[in-house]
$ cat query_2.csv   # CSV, C-alpha atoms
chain,number,residue,atom,x,y,z
V,1,MET,CA,-32.5,-120.9,-7.3
V,2,SER,CA,-31.4,-117.6,-5.7
V,3,ASP,CA,-34.0,-115.6,-3.7
V,4,ALA,CA,-32.3,-112.3,-4.5
V,5,VAL,CA,-34.7,-109.6,-5.8
V,6,ILE,CA,-31.8,-107.3,-6.8
V,7,ARG,CA,-28.7,-108.6,-8.5
V,8,VAL,CA,-25.9,-106.2,-9.6
V,9,GLU,CA,-23.0,-107.6,-11.6
V,10,ASN,CA,-19.9,-105.6,-12.5
V,11,LEU,CA,-21.8,-102.4,-12.8
V,12,GLY,CA,-20.1,-99.3,-14.1
V,13,LYS,CA,-21.3,-95.8,-15.1
V,14,LYS,CA,-19.2,-93.5,-17.1
V,15,TYR,CA,-19.8,-89.8,-17.8
V,16,ILE,CA,-18.0,-87.6,-20.3
V,17,ILE,CA,-17.2,-84.3,-18.7
V,18,GLY,CA,-16.6,-81.4,-21.1
V,19,HIS,CA,-14.3,-78.5,-20.3
V,20,GLN,CA,-14.8,-75.2,-22.2
V,21,GLN,CA,-11.7,-73.3,-23.2
V,22,ASP,CA,-11.6,-69.6,-23.5
V,23,ALA,CA,-9.4,-69.3,-26.5
V,24,GLN,CA,-12.3,-69.0,-29.0
V,25,ARG,CA,-15.1,-66.5,-29.1
V,26,TYR,CA,-18.6,-67.6,-28.1
V,27,ILE,CA,-21.0,-67.8,-31.1
V,28,ALA,CA,-24.0,-65.6,-30.6
V,29,LEU,CA,-27.5,-66.0,-32.1
V,30,ARG,CA,-27.0,-63.1,-34.4
V,31,ASP,CA,-23.9,-64.8,-35.9
V,32,VAL,CA,-26.0,-67.9,-36.6
V,33,ILE,CA,-28.7,-66.0,-38.4
V,34,ALA,CA,-26.2,-64.0,-40.4
V,35,ASN,CA,-24.2,-66.9,-41.6
V,36,GLY,CA,-27.0,-69.3,-42.4
V,37,ALA,CA,-27.6,-72.9,-41.7
V,38,LYS,CA,-24.5,-74.2,-43.5
V,39,GLY,CA,-22.3,-71.8,-41.7
V,40,LEU,CA,-23.9,-72.8,-38.4
V,41,VAL,CA,-23.0,-76.5,-38.8
V,42,GLN,CA,-19.4,-75.7,-39.9
V,43,ARG,CA,-18.9,-73.2,-37.1
V,44,PHE,CA,-20.5,-75.4,-34.5
V,45,GLN,CA,-18.3,-78.3,-35.4
V,46,LYS,CA,-15.2,-76.2,-35.5
V,47,SER,CA,-16.1,-74.5,-32.3
V,48,ASN,CA,-16.6,-77.7,-30.5
V,49,PHE,CA,-13.4,-79.1,-31.8
V,50,HIS,CA,-11.3,-76.2,-30.7
V,51,ASN,CA,-13.2,-75.0,-27.7
V,52,THR,CA,-13.8,-78.1,-25.6
V,53,LYS,CA,-11.9,-81.0,-24.3
V,54,SER,CA,-13.4,-83.9,-22.5
V,55,GLU,CA,-12.5,-86.5,-19.9
V,56,GLU,CA,-14.0,-89.7,-18.6
V,57,PHE,CA,-15.4,-89.8,-15.1
V,58,TRP,CA,-16.5,-93.2,-13.7
V,59,ALA,CA,-19.2,-92.6,-11.1
V,60,LEU,CA,-19.4,-96.4,-10.5
V,61,LYS,CA,-16.7,-99.0,-11.2
V,62,ASP,CA,-17.2,-102.8,-11.0
V,63,VAL,CA,-20.0,-102.7,-8.4
V,64,SER,CA,-21.5,-106.1,-7.6
V,65,PHE,CA,-23.9,-107.2,-4.8
V,66,GLU,CA,-27.2,-109.1,-4.2
V,67,ILE,CA,-30.1,-108.1,-2.1
V,68,LYS,CA,-32.7,-110.6,-0.9
V,69,GLN,CA,-36.4,-110.1,-0.4
V,70,GLY,CA,-37.3,-108.3,2.8
V,71,GLU,CA,-33.9,-106.9,3.5
V,72,ARG,CA,-33.4,-103.3,4.7
V,73,VAL,CA,-30.1,-102.2,3.1
V,74,GLY,CA,-28.4,-98.8,3.7
V,75,ILE,CA,-26.3,-97.3,1.0
V,76,ILE,CA,-23.7,-95.1,2.6
V,77,GLY,CA,-20.6,-93.1,1.6
V,78,ARG,CA,-19.3,-89.6,1.3
V,79,ASN,CA,-20.4,-87.0,-1.3
V,80,GLY,CA,-19.4,-88.2,-4.7
V,81,ALA,CA,-19.1,-91.9,-3.7
V,82,GLY,CA,-21.7,-92.9,-6.3
V,83,LYS,CA,-24.8,-93.5,-4.1
V,84,SER,CA,-27.3,-91.4,-6.1
V,85,THR,CA,-25.9,-92.8,-9.4
V,86,LEU,CA,-26.5,-96.3,-8.2
V,87,LEU,CA,-30.1,-95.6,-7.1
V,88,LYS,CA,-30.8,-93.9,-10.5
V,89,ILE,CA,-29.6,-97.0,-12.3
V,90,LEU,CA,-31.7,-99.3,-10.0
V,91,SER,CA,-34.7,-97.1,-10.6
V,92,ARG,CA,-34.2,-97.3,-14.4
V,93,ILE,CA,-33.7,-93.5,-14.6
V,94,THR,CA,-30.4,-94.0,-16.3
V,95,GLU,CA,-28.6,-96.8,-18.0
V,96,PRO,CA,-25.3,-98.4,-16.9
V,97,THR,CA,-22.2,-98.2,-19.1
V,98,THR,CA,-21.0,-101.6,-18.2
V,99,GLY,CA,-22.4,-104.6,-16.3
V,100,ARG,CA,-25.9,-105.6,-15.7
V,101,ILE,CA,-28.7,-105.5,-13.1
V,102,GLY,CA,-31.6,-107.9,-12.5
V,103,ILE,CA,-34.7,-106.8,-10.5
V,104,LYS,CA,-37.7,-109.0,-9.5
V,105,GLY,CA,-40.8,-107.0,-8.7
V,106,ARG,CA,-42.2,-103.5,-8.9
V,107,VAL,CA,-39.9,-100.6,-7.9
V,108,ALA,CA,-41.0,-97.4,-6.2
V,109,SER,CA,-38.4,-94.7,-6.0
V,110,LEU,CA,-38.2,-91.4,-4.1
V,111,LEU,CA,-34.9,-89.8,-5.2
V,112,GLU,CA,-35.7,-86.1,-5.5
V,113,VAL,CA,-38.4,-83.7,-4.4
V,114,GLY,CA,-41.4,-84.1,-6.7
V,115,THR,CA,-39.9,-86.9,-8.8
V,116,GLY,CA,-42.7,-88.1,-11.1
V,117,PHE,CA,-45.1,-85.3,-10.3
V,118,HIS,CA,-46.6,-83.1,-12.9
V,119,PRO,CA,-46.5,-79.5,-11.5
V,120,GLU,CA,-49.8,-78.4,-13.2
V,121,LEU,CA,-51.8,-81.4,-11.9
V,122,THR,CA,-53.3,-81.4,-8.4
V,123,GLY,CA,-52.3,-83.6,-5.6
V,124,ARG,CA,-55.2,-85.9,-6.3
V,125,GLU,CA,-54.4,-86.2,-10.0
V,126,ASN,CA,-50.7,-86.9,-9.2
V,127,ILE,CA,-51.6,-89.8,-6.9
V,128,PHE,CA,-53.4,-91.5,-9.8
V,129,LEU,CA,-50.6,-90.5,-12.2
V,130,ASN,CA,-47.9,-92.0,-10.0
V,131,GLY,CA,-49.9,-95.1,-9.4
V,132,ALA,CA,-50.3,-95.6,-13.1
V,133,ILE,CA,-46.5,-95.1,-13.6
V,134,LEU,CA,-45.9,-97.8,-11.0
V,135,GLY,CA,-48.3,-100.2,-12.9
V,136,MET,CA,-51.2,-100.0,-10.5
V,137,SER,CA,-54.7,-100.4,-11.6
V,138,LYS,CA,-57.3,-97.6,-10.9
V,139,ALA,CA,-59.0,-99.9,-8.4
V,140,GLU,CA,-55.8,-100.5,-6.5
V,141,ILE,CA,-55.1,-96.8,-6.3
V,142,HIS,CA,-58.7,-96.1,-5.1
V,143,ARG,CA,-58.2,-98.8,-2.4
V,144,ASN,CA,-55.1,-97.0,-1.0
V,145,PHE,CA,-56.2,-93.4,-1.7
V,146,ASP,CA,-57.5,-92.4,1.7
V,147,GLU,CA,-54.5,-93.9,3.5
V,148,ILE,CA,-52.1,-92.1,1.2
V,149,VAL,CA,-53.8,-88.7,1.8
V,150,ALA,CA,-54.0,-89.2,5.6
V,151,PHE,CA,-50.3,-90.2,5.8
V,152,ALA,CA,-49.2,-87.2,3.7
V,153,GLU,CA,-51.4,-84.8,5.7
V,154,VAL,CA,-52.3,-82.8,2.6
V,155,GLU,CA,-56.1,-83.1,2.8
V,156,LYS,CA,-56.7,-79.3,2.6
V,157,PHE,CA,-54.5,-79.0,-0.5
V,158,LEU,CA,-55.5,-82.2,-2.3
V,159,ASP,CA,-57.1,-80.3,-5.2
V,160,THR,CA,-54.4,-77.7,-5.5
V,161,PRO,CA,-51.8,-77.9,-8.3
V,162,VAL,CA,-48.6,-79.3,-6.7
V,163,LYS,CA,-46.5,-76.5,-8.2
V,164,ARG,CA,-47.9,-74.4,-5.3
V,165,TYR,CA,-46.8,-77.0,-2.7
V,166,SER,CA,-43.9,-76.3,-0.4
V,167,SER,CA,-40.9,-78.7,-0.6
V,168,GLY,CA,-42.1,-80.4,2.6
V,169,MET,CA,-45.6,-81.0,1.2
V,170,TYR,CA,-44.0,-82.4,-2.0
V,171,VAL,CA,-42.0,-84.8,0.0
V,172,ARG,CA,-44.9,-85.9,2.2
V,173,LEU,CA,-47.1,-86.7,-0.7
V,174,ALA,CA,-44.3,-88.3,-2.9
V,175,PHE,CA,-43.2,-90.6,-0.1
V,176,SER,CA,-46.8,-91.5,0.8
V,177,VAL,CA,-47.6,-92.5,-2.8
V,178,ALA,CA,-44.3,-94.5,-3.1
V,179,ALA,CA,-44.8,-96.4,0.2
V,180,HIS,CA,-48.5,-97.1,0.0
V,181,LEU,CA,-48.9,-98.4,-3.6
V,182,GLU,CA,-47.5,-101.7,-2.6
V,183,PRO,CA,-44.2,-101.9,-4.4
V,184,GLU,CA,-42.0,-105.0,-3.9
V,185,ILE,CA,-38.9,-102.7,-3.7
V,186,LEU,CA,-38.9,-99.2,-2.1
V,187,ILE,CA,-35.9,-97.0,-2.9
V,188,VAL,CA,-35.5,-93.8,-0.8
V,189,ASP,CA,-32.7,-91.2,-1.1
V,190,GLU,CA,-31.7,-88.5,1.4
V,191,VAL,CA,-34.7,-86.5,0.2
V,192,LEU,CA,-36.5,-87.3,3.5
V,193,ALA,CA,-34.2,-84.7,5.2
V,194,VAL,CA,-36.5,-82.0,3.7
V,195,GLY,CA,-39.4,-83.1,5.9
V,196,ASP,CA,-39.8,-82.2,9.6
V,197,SER,CA,-38.7,-84.5,12.3
V,198,GLN,CA,-42.2,-85.8,13.1
V,199,PHE,CA,-42.8,-86.8,9.5
V,200,GLN,CA,-39.3,-88.4,9.3
V,201,LYS,CA,-40.3,-90.7,12.2
V,202,LYS,CA,-43.5,-91.6,10.4
V,203,CYS,CA,-41.5,-92.4,7.2
V,204,LEU,CA,-39.0,-94.6,9.2
V,205,GLY,CA,-41.9,-96.4,10.8
V,206,LYS,CA,-43.6,-97.0,7.4
V,207,MET,CA,-40.3,-98.3,5.9
V,208,GLU,CA,-40.0,-100.8,8.8
V,209,ASN,CA,-43.5,-101.9,8.2
V,210,VAL,CA,-42.8,-102.3,4.5
V,211,ALA,CA,-39.9,-104.6,5.3
V,212,LYS,CA,-41.9,-106.6,7.8
V,213,GLU,CA,-44.4,-107.3,5.1
V,214,GLY,CA,-41.6,-109.0,3.1
V,215,ARG,CA,-40.8,-106.1,0.8
V,216,THR,CA,-37.3,-104.7,0.2
V,217,VAL,CA,-36.1,-101.3,1.3
V,218,LEU,CA,-32.9,-99.5,0.0
V,219,PHE,CA,-32.2,-96.3,1.9
V,220,VAL,CA,-29.5,-93.7,1.4
V,221,SER,CA,-28.7,-91.3,4.3
V,222,HIS,CA,-25.8,-89.5,5.9
V,223,ASN,CA,-27.4,-89.9,9.3
V,224,MET,CA,-25.8,-93.0,10.7
V,225,GLY,CA,-28.2,-93.0,13.6
V,226,VAL,CA,-31.1,-93.5,11.2
V,227,ILE,CA,-29.1,-96.1,9.2
V,228,GLN,CA,-28.5,-98.1,12.4
V,229,THR,CA,-32.2,-97.9,13.4
V,230,LEU,CA,-33.6,-98.9,10.0
V,231,CYS,CA,-31.0,-101.1,8.3
V,232,SER,CA,-29.7,-104.6,9.1
V,233,ARG,CA,-27.0,-104.3,6.4
V,234,VAL,CA,-25.0,-101.5,4.7
V,235,ILE,CA,-23.1,-101.2,1.4
V,236,LEU,CA,-20.3,-98.7,1.8
V,237,LEU,CA,-19.3,-96.9,-1.4
V,238,HIS,CA,-16.1,-95.0,-1.9
V,239,ALA,CA,-15.0,-93.3,-5.2
V,240,GLY,CA,-17.6,-95.4,-7.1
V,241,GLU,CA,-16.5,-98.8,-5.7
V,242,VAL,CA,-17.9,-101.1,-3.0
V,243,LEU,CA,-15.5,-100.6,-0.1
V,244,LEU,CA,-17.5,-102.9,2.3
V,245,ASP,CA,-20.8,-104.9,2.3
V,246,ASP,CA,-21.5,-106.1,5.8
V,247,PHE,CA,-23.6,-105.8,8.9
V,248,THR,CA,-24.7,-102.3,9.8
V,249,GLU,CA,-22.5,-101.8,12.8
V,250,LYS,CA,-19.3,-102.8,11.0
V,251,GLY,CA,-20.2,-100.7,8.0
V,252,VAL,CA,-21.0,-97.6,10.0
V,253,ASN,CA,-17.8,-97.9,12.1
V,254,THR,CA,-15.7,-98.2,8.9
V,255,TYR,CA,-17.5,-95.2,7.4
V,256,LEU,CA,-16.8,-93.1,10.5
V,257,LYS,CA,-13.2,-94.1,10.7
V,258,ASN,CA,-12.7,-93.1,7.0
V,259,MET,CA,-14.3,-89.7,7.8
V,260,GLU,CA,-11.9,-89.3,10.7
V,261,SER,CA,-8.9,-90.0,8.5
V,262,SER,CA,-10.1,-87.5,5.9
V,263,ALA,CA,-10.4,-84.8,8.5
V,264,SER,CA,-6.6,-84.9,9.0
V,265,GLN,CA,-6.0,-83.8,5.4
V,266,ASP,CA,-5.3,-80.2,4.3
V,267,LEU,CA,-8.8,-78.8,3.6
V,268,LEU,CA,-8.0,-77.2,0.3
V,269,HIS,CA,-6.6,-80.4,-1.1
V,270,ARG,CA,-9.7,-82.5,-0.2
V,271,LYS,CA,-11.3,-83.9,-3.3
V,272,GLU,CA,-14.5,-85.2,-1.7
V,273,ARG,CA,-16.5,-82.0,-1.8
V,274,ARG,CA,-19.4,-80.6,-3.8
V,275,GLY,CA,-20.7,-77.2,-4.9
V,276,LYS,CA,-20.1,-74.6,-7.5
V,277,ARG,CA,-16.8,-73.7,-5.8
V,278,GLU,CA,-16.4,-70.1,-6.9
V,279,ILE,CA,-15.1,-69.9,-3.3
V,280,GLN,CA,-14.0,-72.7,-1.1
V,281,LEU,CA,-13.3,-73.4,2.6
V,282,ALA,CA,-9.5,-73.0,3.1
V,283,LYS,CA,-9.1,-73.8,6.8
V,284,ILE,CA,-11.1,-74.2,10.0
V,285,GLU,CA,-9.7,-73.1,13.4
V,286,ILE,CA,-11.4,-74.4,16.5
V,287,SER,CA,-10.4,-73.2,19.9
V,288,SER,CA,-11.6,-72.1,23.3
V,289,GLY,CA,-10.4,-68.6,22.8
V,290,GLU,CA,-7.0,-66.8,23.2
V,291,ASP,CA,-6.2,-68.5,26.5
V,292,SER,CA,-6.5,-72.1,25.4
V,293,GLU,CA,-6.8,-74.3,22.3
V,294,ALA,CA,-8.7,-77.1,24.1
V,295,LEU,CA,-12.5,-77.2,24.1
V,296,ALA,CA,-14.3,-78.1,27.3
V,297,THR,CA,-17.9,-78.4,28.4
V,298,GLY,CA,-19.2,-75.0,29.6
V,299,ARG,CA,-16.3,-73.0,28.3
V,300,PRO,CA,-16.3,-70.6,25.3
V,301,ALA,CA,-15.8,-72.0,21.8
V,302,ARG,CA,-14.7,-70.4,18.6
V,303,PHE,CA,-15.1,-71.8,15.1
V,304,LEU,CA,-13.2,-69.7,12.6
V,305,PHE,CA,-13.8,-70.5,8.9
V,306,HIS,CA,-11.2,-69.2,6.4
V,307,VAL,CA,-12.6,-68.7,2.9
V,308,THR,CA,-10.7,-68.3,-0.4
V,309,GLY,CA,-12.7,-65.3,-1.7
V,310,LYS,CA,-15.7,-63.0,-1.4
V,311,LEU,CA,-19.2,-63.4,-2.8
V,312,PRO,CA,-22.5,-61.5,-2.2
V,313,GLY,CA,-24.6,-63.1,0.4
V,314,LEU,CA,-21.9,-65.3,1.7
V,315,ALA,CA,-23.1,-67.6,4.5
V,316,CYS,CA,-21.5,-70.4,6.4
V,317,VAL,CA,-23.4,-73.4,7.7
V,318,PHE,CA,-22.0,-76.2,9.8
V,319,THR,CA,-23.4,-79.2,11.5
V,320,LEU,CA,-21.9,-81.1,14.5
V,321,TYR,CA,-22.1,-84.9,14.7
V,322,ASN,CA,-21.4,-87.2,17.6
V,323,GLN,CA,-19.3,-90.4,17.5
V,324,LEU,CA,-22.2,-92.4,16.1
V,325,GLY,CA,-22.6,-90.1,13.2
V,326,GLN,CA,-25.8,-88.5,14.5
V,327,PRO,CA,-26.4,-84.8,13.9
V,328,ILE,CA,-26.8,-82.9,17.1
V,329,ALA,CA,-26.5,-79.2,16.3
V,330,ASN,CA,-26.6,-76.9,13.4
V,331,PHE,CA,-25.2,-73.3,13.0
V,332,ASN,CA,-26.0,-70.9,10.2
V,333,SER,CA,-24.4,-67.4,9.8
V,334,SER,CA,-27.3,-66.2,7.7
V,335,ILE,CA,-29.5,-66.0,10.8
V,336,SER,CA,-27.0,-64.1,12.9
V,337,SER,CA,-26.9,-60.3,12.9
V,338,ALA,CA,-26.4,-58.8,9.5
V,339,HIS,CA,-23.6,-56.6,10.8
V,340,ASP,CA,-21.5,-59.5,12.1
V,341,ALA,CA,-22.0,-61.6,9.0
V,342,GLN,CA,-21.1,-58.7,6.7
V,343,ASN,CA,-17.9,-57.9,8.5
V,344,SER,CA,-16.8,-61.5,8.5
V,345,THR,CA,-17.4,-61.7,4.8
V,346,MET,CA,-15.3,-58.7,4.0
V,347,GLU,CA,-12.3,-60.3,5.8
V,348,ASN,CA,-12.7,-63.6,4.0
V,349,ARG,CA,-13.4,-65.2,7.4
V,350,VAL,CA,-16.5,-66.2,9.2
V,351,LEU,CA,-16.4,-66.6,13.0
V,352,CYS,CA,-19.0,-68.4,15.1
V,353,GLU,CA,-18.7,-67.9,18.9
V,354,ILE,CA,-20.4,-69.9,21.6
V,355,ASP,CA,-20.3,-68.5,25.1
V,356,GLU,CA,-20.8,-71.8,26.9
V,357,LEU,CA,-20.2,-75.0,24.9
V,358,PRO,CA,-23.0,-77.4,25.8
V,359,LEU,CA,-21.4,-80.5,24.4
V,360,LEU,CA,-20.5,-83.3,26.8
V,361,PRO,CA,-16.9,-84.7,26.8
V,362,GLY,CA,-16.2,-86.8,23.7
V,363,GLN,CA,-15.2,-86.6,20.0
V,364,TYR,CA,-17.2,-84.7,17.4
V,365,ARG,CA,-17.2,-84.2,13.7
V,366,LEU,CA,-18.0,-81.1,11.7
V,367,ASN,CA,-19.5,-80.9,8.2
V,368,ALA,CA,-19.3,-77.4,6.7
V,369,MET,CA,-21.0,-75.6,3.8
V,370,LEU,CA,-20.6,-72.2,2.1
V,371,MET,CA,-23.5,-70.5,0.4
V,372,GLY,CA,-23.1,-67.6,-2.0
V,373,ASN,CA,-25.0,-66.1,-4.9
V,374,GLY,CA,-27.9,-68.3,-3.8
V,375,GLU,CA,-26.1,-71.5,-4.5
V,376,ILE,CA,-24.0,-74.1,-2.6
V,377,GLN,CA,-20.5,-73.1,-3.2
V,378,ASP,CA,-18.6,-75.6,-1.2
V,379,HIS,CA,-19.7,-78.5,1.0
V,380,VAL,CA,-17.1,-80.7,2.8
V,381,GLU,CA,-18.0,-83.7,5.0
V,382,ALA,CA,-15.7,-84.3,8.0
V,383,ALA,CA,-14.2,-80.9,7.5
V,384,ALA,CA,-12.9,-81.1,11.0
V,385,ILE,CA,-12.8,-83.4,14.0
V,386,PHE,CA,-12.3,-82.1,17.6
V,387,ASP,CA,-12.4,-83.3,21.2
V,388,VAL,CA,-14.3,-81.8,24.1
V,389,GLU,CA,-12.8,-82.2,27.5
V,390,PRO,CA,-14.7,-82.4,30.9
V,391,GLY,CA,-15.6,-78.9,32.2
V,392,GLU,CA,-18.2,-77.1,34.3
V,393,MET,CA,-21.7,-75.9,33.8
V,394,ARG,CA,-23.0,-73.3,36.4
V,395,GLY,CA,-20.0,-74.0,38.6
V,396,ARG,CA,-20.5,-77.8,38.8
V,397,PRO,CA,-18.3,-80.4,37.1
V,398,VAL,CA,-19.7,-82.1,34.0
V,399,MET,CA,-18.5,-85.6,33.2
V,400,ASN,CA,-19.7,-88.1,30.6
V,401,GLU,CA,-20.0,-91.1,32.8
V,402,ASN,CA,-23.1,-93.2,32.3
V,403,SER,CA,-24.4,-90.6,29.8
V,404,TYR,CA,-26.7,-91.5,27.0
V,405,SER,CA,-26.6,-88.1,25.3
V,406,THR,CA,-24.2,-85.6,24.0
V,407,VAL,CA,-25.6,-82.2,25.0
V,408,CYS,CA,-25.8,-80.7,28.5
V,409,ILE,CA,-28.3,-77.8,28.7
V,410,GLY,CA,-27.9,-75.2,31.4
V,411,HIS,CA,-30.6,-75.7,34.0
V,412,ARG,CA,-31.4,-75.6,37.7
V,413,TRP,CA,-33.2,-77.8,40.2
V,414,VAL,CA,-35.5,-76.3,42.8
V,415,MET,CA,-37.5,-77.9,45.6
V,416,PRO,CA,-41.2,-76.9,45.2
V,417,VAL,CA,-42.9,-75.5,48.2
$ encode --input "query_2.csv" --output "structure tokens"
Amino acid sequence: MSDAVIRVENLGKKYIIGHQQDAQRYIALRDVIANGAKGLVQRFQKSNFHNTKSEEFWALKDVSFEIKQGERVGIIGRNGAGKSTLLKILSRITEPTTGRIGIKGRVASLLEVGTGFHPELTGRENIFLNGAILGMSKAEIHRNFDEIVAFAEVEKFLDTPVKRYSSGMYVRLAFSVAAHLEPEILIVDEVLAVGDSQFQKKCLGKMENVAKEGRTVLFVSHNMGVIQTLCSRVILLHAGEVLLDDFTEKGVNTYLKNMESSASQDLLHRKERRGKREIQLAKIEISSGEDSEALATGRPARFLFHVTGKLPGLACVFTLYNQLGQPIANFNSSISSAHDAQNSTMENRVLCEIDELPLLPGQYRLNAMLMGNGEIQDHVEAAAIFDVEPGEMRGRPVMNENSYSTVCIGHRWVMPV
């Protein structure tokens, strides 16, 4: 008899995507009232027939795997690979179109901020509500209550409606409930990125303890350093299919190589992207200035982002990752001077300048995002990959020999008197 606690066989999930056409006029409420119920049905059916067309989109295709009790498995892949869809099916939030899943044991999921919380209820009340949803008895919830509250660090706000919580407080309490109510299987999405770094470390430690107790952990993250720390195995998804199911090191290396190959493609033709896309990233130019194209430690660096259009409040955000897929630096144009950001927006270009690049020699990856009208407009992973050559900091040569980091911070040494 198999000791698998999760068995997925030929799983598929299909969505029907509708595309509205502009040929017909939109039916307003006043038209509905004027024409009566009969006319509404006829016009609605006719409008739908003429105004929309649909296409099938398979978020998951023929996915199969088994997970044993106590395993810590990372689900990795680029945006649109099907990670979140898979977790929603495993969490019974949505049903598969094809295939089947078998799960042994109680599942606790943390997929979105505030999932399973009622906004009008207090933190205390939501702990008991979530426990009941997970099938816990009132006595079991009482037994874990103090530990849940202490871990979440929300004692002062325990009797405050959660609708007044910040996103960080939401995450802390939601994770604490999911992890402490003794589920056999714990499923956690990238939602932990909302919390601060100290709390993220607590969460990782708790998930390690959960696995040591013989319970199973499924974890989705774009941070390959976290995946390597927590997981002993990864399932790599690509375009809704399992590309690889293997040890963590092999899976992460394959993922990073795929990211590198994608970065060589024309940015406008990249399909793996998300956002409203009223505007898009068209091209990224990375150089050390007019005198040289090569980047080097301690020299100036220029990151020029070309955008396809203009939008109010346009902001560009990009994150740099090292060769292990660990994020090491983040840059956001919305916190630069308003004058600089406004001028860049008017020219459909956004420029980030660094006087002294603090990165040690090596290869780096850049993920980029455009914000506009208060929404994510375009987000592209591995939008660019670049190399940093050896250089100088404060007149002294900087090499990467025997280095265990990726950043060199300008500093000086003095002999105390």
$ closest_residue --input "query_2.csv" --among "V:Arg92, V:His306, V:His118, V:His379" --to "Glu272 of chain V" --atoms "only C-alpha atoms"
V:His379
$ residues_around --input "query_2.csv" --residues "Leu304 of chain V" --least-positions-apart "6" --cutoff "8 Å" --atoms "only C-alpha atoms" --output "PDB file with C-alpha atoms, keeping the file's coordinate frame"
ATOM      1  CA  ILE V 284     -11.100 -74.200  10.000  1.00  0.00           C
ATOM      2  CA  GLU V 285      -9.700 -73.100  13.400  1.00  0.00           C
ATOM      3  CA  ILE V 286     -11.400 -74.400  16.500  1.00  0.00           C
ATOM      4  CA  ARG V 349     -13.400 -65.200   7.400  1.00  0.00           C
ATOM      5  CA  VAL V 350     -16.500 -66.200   9.200  1.00  0.00           C
ATOM      6  CA  LEU V 351     -16.400 -66.600  13.000  1.00  0.00           C
ATOM      7  CA  CYS V 352     -19.000 -68.400  15.100  1.00  0.00           C
TER       8      CYS V 352
END
$ residues_near_point --input "query_2.csv" --point "(-50.5, -90.1, -7.2)" --cutoff "10 Å" --atoms "all atoms listed in the file" --output "number ranges by chain"
V: 116-118, 121-134, 141, 145, 148-149, 173-174, 176-178, 181
$ atom_distance --input "query_2.csv" --atom1 "atom CA of Asp246 of chain V" --atom2 "atom CA of Ala383 of chain V"
26.3 Å
$ closest_residue --input "query_2.csv" --among "V:Leu230, V:Leu90, V:Val107, V:Met224" --to "Leu204 of chain V" --atoms "only C-alpha atoms"
V:Leu230
$ atom_distance --input "query_2.csv" --atom1 "atom CA of Gly77 of chain V" --atom2 "atom CA of Glu190 of chain V"
12.0 Å
$ closest_residue --input "query_2.csv" --among "V:Gln228, V:Gln363, V:Thr160, V:Ser91" --to "Val188 of chain V" --atoms "only C-alpha atoms"
V:Ser91
$ atom_distance --input "query_2.csv" --atom1 "atom CA of Lys83 of chain V" --atom2 "atom CA of Glu375 of chain V"
22.0 Å
$ closest_residue --input "query_2.csv" --among "V:Gly168, V:Leu236, V:Pro183, V:Val217" --to "Ser197 of chain V" --atoms "only C-alpha atoms"
V:Gly168
$ residues_around --input "query_2.csv" --residues "Pro358 of chain V" --least-positions-apart "5" --cutoff "12 Å" --atoms "all atoms listed in the file" --output "PyMOL selection string"
chain V and resi 295-301+320+328-329+388-394+398-399+405-411
